[in-house]
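To keep things clear, I will list the structure first and then write my remarks on it.
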Amino acid sequence: MLSLIARKPWYLLALPAAVLLAMLCFRSGGGLHAADSREMAVAMNVPVVQVSDVTGSAGDGTLSGRELGAAVGPGLPLDLRAAFEGRRGLFEYARQLHSAAAAGDAEAGWMLSRVYDYCGVYAMDPQGYALDSATLASMGLKDVPGLTAAREKVSQGCVGFTAADGLGSALMLQQRRTSALAGNLAAEAALLTMGEPLRTDAEYRRGLVERVLNSQDPEAFLAVSTAMGVAAAGDDAYSGLVAGDQAAQLAWQLAACQLGLACGPDSALMTGYCANGGICSRDPDQDFETFVYDAAVSRQGMEKMNELVKSLRRARGGKR
């Protein structure tokens, strides 16, 4: 995504954010470490479902029993995805999701992994995260408010998590594998993006992408999008599919938005890109789709991008 957005650098916070974060790595007593800078760099080329591939203990998937004031309420809501987008009391929400996932609810397991992803960087060191946010805000750079506002949303939503919860890549991989084996397609697609598919043969990988296409599930589209980007270049398994470059990756993400994924200005997608990746719109009212077309797609490339997105929305997988 970085090389595309870089065509219009006045919209790009990724570079200044990365520089600021690198500076913060060297201040004594701070909450940012080398791993955090690596996460910022990774976030520039991956969707938010991969942003917080943070280091940490794998844990056993059991959250601690700390109390959280802003709970989502007793029992899980009917719409798990909408509840996640509300992003209030995600610690308590994760506890409820964990119980449901342990009972075999594959959708709850997938959404639990999204909470891990969204809150992972914060959970490494909540106090350090807050201190870093304050430091960024104090620097007086004109584009920093969007970043600090996004980080504040993450802090408010993820309060209660700590490093003891082990929200690292190992735990997220474990949760997604469990959910995929229980039948959740988005989790299965996310494993492909993480480089840990249930099977590695070309027939399986192509079949998985075709199942995602047939599902028209926005979560699955988002989950598979990075695997369809530059990672798919030259892979015959994806011949004839929208795959192989950064435009393809963005097309899958835009199609996810059009299929119903929450992509508004206050969505987890926009907040995660900004807070965890430093990729922020200077217009606080801009949704993801508008941001991509404004900052990442040239005027000459708009027609091609529209065609790619349309092909994904009407595509139905088939055998070669």
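The way I read the labels, and the way they are meant: chains A, B, ... in the order of the structure tokens, residue 1 as the first residue of every chain, and ligand 1 as the first ligand shown, with later ones counted on from there.
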Region 128-179 of chain A near region 80-87 of chain A within 9 Å: what's each residue's closest atom pair and its distance in Å to one decimal, counting only C-alpha atoms, ordered by chain then ascending residue number, as a Markdown table?
```
| residue | atom | partner | partner_atom | distance |
| --- | --- | --- | --- | --- |
| A:Lys153 | CA | A:Arg87 | CA | 8.4 |
| A:Val154 | CA | A:Arg87 | CA | 8.3 |
| A:Gln156 | CA | A:Arg87 | CA | 8.4 |
| A:Gly157 | CA | A:Arg87 | CA | 5.1 |
| A:Cys158 | CA | A:Arg87 | CA | 7.9 |
```
- [ ] Name all residues at most 9 Å from Ser267 (chain A) (count only C-alpha atoms; drop same-chain ones fewer than 4 positions away) and give them as JSON, numbers by chain.
- [x] {"A": [85, 86, 262, 263, 271, 272, 287, 288]}
Open item on the list: I need the residues in region 104-170 of chain A that are helix (DSSP H, G or I) according to DSSP; give them as an NGL selection string.
Closed with: :A and (106-124 or 126-138 or 144-158 or 163-165 or 169-170)
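Taking CA of Asp294 (chain A) and CA of Asp217 (chain A) as endpoints, the distance between them is 25.3 Å.
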Task: 10 Å contact set for region 180-186 of chain A, only C-alpha atoms, chain neighbours under 6 positions out, as a VMD selection string - done: chain A and resid 101 104 to 111 174 192 197 to 198 208 to 209 211 to 212 215 217 to 224
Given the selection you just returned, output its residues as a file containing N, CA and C atoms, formatted as a PDB file, in the first residue's frame.
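part16.pdb was written with the following content:
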```
ATOM      1  N   ALA A 101     -16.077 -19.311  21.895  1.00  0.00           N
ATOM      2  CA  ALA A 101     -15.169 -20.015  20.990  1.00  0.00           C
ATOM      3  C   ALA A 101     -14.775 -21.376  21.563  1.00  0.00           C
ATOM      4  N   GLY A 104     -17.105 -23.984  20.781  1.00  0.00           N
ATOM      5  CA  GLY A 104     -17.212 -24.389  19.383  1.00  0.00           C
ATOM      6  C   GLY A 104     -17.775 -23.360  18.432  1.00  0.00           C
ATOM      7  N   ASP A 105     -17.972 -22.120  18.880  1.00  0.00           N
ATOM      8  CA  ASP A 105     -18.513 -21.068  18.019  1.00  0.00           C
ATOM      9  C   ASP A 105     -17.372 -20.507  17.156  1.00  0.00           C
ATOM     10  N   ALA A 106     -17.341 -20.908  15.879  1.00  0.00           N
ATOM     11  CA  ALA A 106     -16.244 -20.516  14.990  1.00  0.00           C
ATOM     12  C   ALA A 106     -16.239 -19.018  14.719  1.00  0.00           C
ATOM     13  N   GLU A 107     -17.415 -18.407  14.593  1.00  0.00           N
ATOM     14  CA  GLU A 107     -17.483 -16.962  14.347  1.00  0.00           C
ATOM     15  C   GLU A 107     -16.948 -16.191  15.545  1.00  0.00           C
ATOM     16  N   ALA A 108     -17.289 -16.639  16.749  1.00  0.00           N
ATOM     17  CA  ALA A 108     -16.769 -15.990  17.955  1.00  0.00           C
ATOM     18  C   ALA A 108     -15.252 -16.099  18.000  1.00  0.00           C
ATOM     19  N   GLY A 109     -14.730 -17.245  17.587  1.00  0.00           N
ATOM     20  CA  GLY A 109     -13.283 -17.422  17.560  1.00  0.00           C
ATOM     21  C   GLY A 109     -12.605 -16.477  16.593  1.00  0.00           C
ATOM     22  N   TRP A 110     -13.220 -16.273  15.429  1.00  0.00           N
ATOM     23  CA  TRP A 110     -12.652 -15.346  14.457  1.00  0.00           C
ATOM     24  C   TRP A 110     -12.662 -13.922  14.998  1.00  0.00           C
ATOM     25  N   MET A 111     -13.777 -13.497  15.575  1.00  0.00           N
ATOM     26  CA  MET A 111     -13.843 -12.144  16.096  1.00  0.00           C
ATOM     27  C   MET A 111     -12.893 -11.964  17.279  1.00  0.00           C
ATOM     28  N   GLN A 174      -2.819 -19.323  16.714  1.00  0.00           N
ATOM     29  CA  GLN A 174      -3.498 -20.439  17.370  1.00  0.00           C
ATOM     30  C   GLN A 174      -5.017 -20.269  17.295  1.00  0.00           C
ATOM     31  N   LEU A 192      -3.904 -18.152   5.383  1.00  0.00           N
ATOM     32  CA  LEU A 192      -3.187 -18.044   4.117  1.00  0.00           C
ATOM     33  C   LEU A 192      -2.365 -16.762   4.088  1.00  0.00           C
ATOM     34  N   PRO A 197      -1.222 -21.583   5.896  1.00  0.00           N
ATOM     35  CA  PRO A 197      -2.491 -22.173   5.453  1.00  0.00           C
ATOM     36  C   PRO A 197      -2.675 -23.586   6.001  1.00  0.00           C
ATOM     37  N   LEU A 198      -3.924 -24.034   6.058  1.00  0.00           N
ATOM     38  CA  LEU A 198      -4.192 -25.387   6.542  1.00  0.00           C
ATOM     39  C   LEU A 198      -3.494 -26.428   5.676  1.00  0.00           C
ATOM     40  N   LEU A 208      -9.385 -22.361  -1.872  1.00  0.00           N
ATOM     41  CA  LEU A 208      -9.727 -21.478  -0.761  1.00  0.00           C
ATOM     42  C   LEU A 208     -10.117 -20.102  -1.273  1.00  0.00           C
ATOM     43  N   VAL A 209      -9.331 -19.554  -2.188  1.00  0.00           N
ATOM     44  CA  VAL A 209      -9.651 -18.234  -2.727  1.00  0.00           C
ATOM     45  C   VAL A 209     -10.983 -18.268  -3.476  1.00  0.00           C
ATOM     46  N   ARG A 211     -13.468 -20.216  -2.793  1.00  0.00           N
ATOM     47  CA  ARG A 211     -14.521 -20.269  -1.776  1.00  0.00           C
ATOM     48  C   ARG A 211     -14.782 -18.894  -1.176  1.00  0.00           C
ATOM     49  N   VAL A 212     -13.709 -18.122  -0.991  1.00  0.00           N
ATOM     50  CA  VAL A 212     -13.886 -16.749  -0.505  1.00  0.00           C
ATOM     51  C   VAL A 212     -14.694 -15.935  -1.518  1.00  0.00           C
ATOM     52  N   SER A 215     -18.289 -16.916  -1.399  1.00  0.00           N
ATOM     53  CA  SER A 215     -18.964 -16.537  -0.155  1.00  0.00           C
ATOM     54  C   SER A 215     -19.462 -15.101  -0.170  1.00  0.00           C
ATOM     55  N   ASP A 217     -18.264 -12.857   1.440  1.00  0.00           N
ATOM     56  CA  ASP A 217     -18.190 -12.480   2.849  1.00  0.00           C
ATOM     57  C   ASP A 217     -17.141 -11.385   3.005  1.00  0.00           C
ATOM     58  N   PRO A 218     -17.522 -10.195   3.446  1.00  0.00           N
ATOM     59  CA  PRO A 218     -16.550  -9.101   3.529  1.00  0.00           C
ATOM     60  C   PRO A 218     -15.395  -9.388   4.475  1.00  0.00           C
ATOM     61  N   GLU A 219     -15.651 -10.090   5.567  1.00  0.00           N
ATOM     62  CA  GLU A 219     -14.571 -10.422   6.487  1.00  0.00           C
ATOM     63  C   GLU A 219     -13.548 -11.332   5.810  1.00  0.00           C
ATOM     64  N   ALA A 220     -14.021 -12.304   5.048  1.00  0.00           N
ATOM     65  CA  ALA A 220     -13.122 -13.222   4.350  1.00  0.00           C
ATOM     66  C   ALA A 220     -12.350 -12.487   3.260  1.00  0.00           C
ATOM     67  N   PHE A 221     -13.011 -11.535   2.577  1.00  0.00           N
ATOM     68  CA  PHE A 221     -12.323 -10.734   1.561  1.00  0.00           C
ATOM     69  C   PHE A 221     -11.176  -9.956   2.195  1.00  0.00           C
ATOM     70  N   LEU A 222     -11.444  -9.314   3.316  1.00  0.00           N
ATOM     71  CA  LEU A 222     -10.399  -8.547   3.992  1.00  0.00           C
ATOM     72  C   LEU A 222      -9.274  -9.469   4.444  1.00  0.00           C
ATOM     73  N   ALA A 223      -9.641 -10.623   4.981  1.00  0.00           N
ATOM     74  CA  ALA A 223      -8.655 -11.543   5.510  1.00  0.00           C
ATOM     75  C   ALA A 223      -7.705 -12.062   4.439  1.00  0.00           C
ATOM     76  N   VAL A 224      -8.217 -12.285   3.232  1.00  0.00           N
ATOM     77  CA  VAL A 224      -7.392 -12.874   2.174  1.00  0.00           C
ATOM     78  C   VAL A 224      -6.649 -11.819   1.356  1.00  0.00           C
TER      79      VAL A 224
END
```
- [ ] Fewer than 4 positions away in the same chain doesn't count, so skip those; otherwise give me all residues within 9 Å of Ala231 (chain A), counting only C-alpha atoms, as JSON, numbers by chain.
- [x] {"A": [193, 226, 227, 235, 243, 244, 245]}
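Atom to atom, CA of Glu152 (chain A) and CA of Gly166 (chain A) stand 21.2 Å apart.
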I want to know what sits within 9 Å of Leu250 (chain A), based on only C-alpha atoms, with residues of the same chain fewer than 3 positions away left out; could you give that as a PDB file with C-alpha atoms, in the first residue's frame?
```pdb
ATOM      1  CA  MET A   1       0.000   0.000   0.000  1.00  0.00           C
ATOM      2  CA  PRO A  47      -4.440  -5.083   5.960  1.00  0.00           C
ATOM      3  CA  SER A 225      -6.496  -9.504   0.638  1.00  0.00           C
ATOM      4  CA  THR A 226      -2.795  -9.419   1.490  1.00  0.00           C
ATOM      5  CA  GLY A 229      -1.234  -8.835  -3.265  1.00  0.00           C
ATOM      6  CA  GLN A 246      -0.695  -4.072  -4.628  1.00  0.00           C
ATOM      7  CA  ALA A 247      -3.614  -2.984  -6.802  1.00  0.00           C
ATOM      8  CA  GLN A 253     -10.170  -4.574   0.466  1.00  0.00           C
ATOM      9  CA  LEU A 254     -12.395  -2.167  -1.453  1.00  0.00           C
ATOM     10  CA  ALA A 255     -14.662  -5.040  -2.463  1.00  0.00           C
ATOM     11  CA  VAL A 292      -7.831   4.755  -1.131  1.00  0.00           C
ATOM     12  CA  ALA A 296      -3.500   5.471  -3.402  1.00  0.00           C
ATOM     13  CA  MET A 305      -9.418  -0.398  -9.984  1.00  0.00           C
ATOM     14  CA  VAL A 309     -13.494  -4.488  -7.655  1.00  0.00           C
TER      15      VAL A 309
END
```
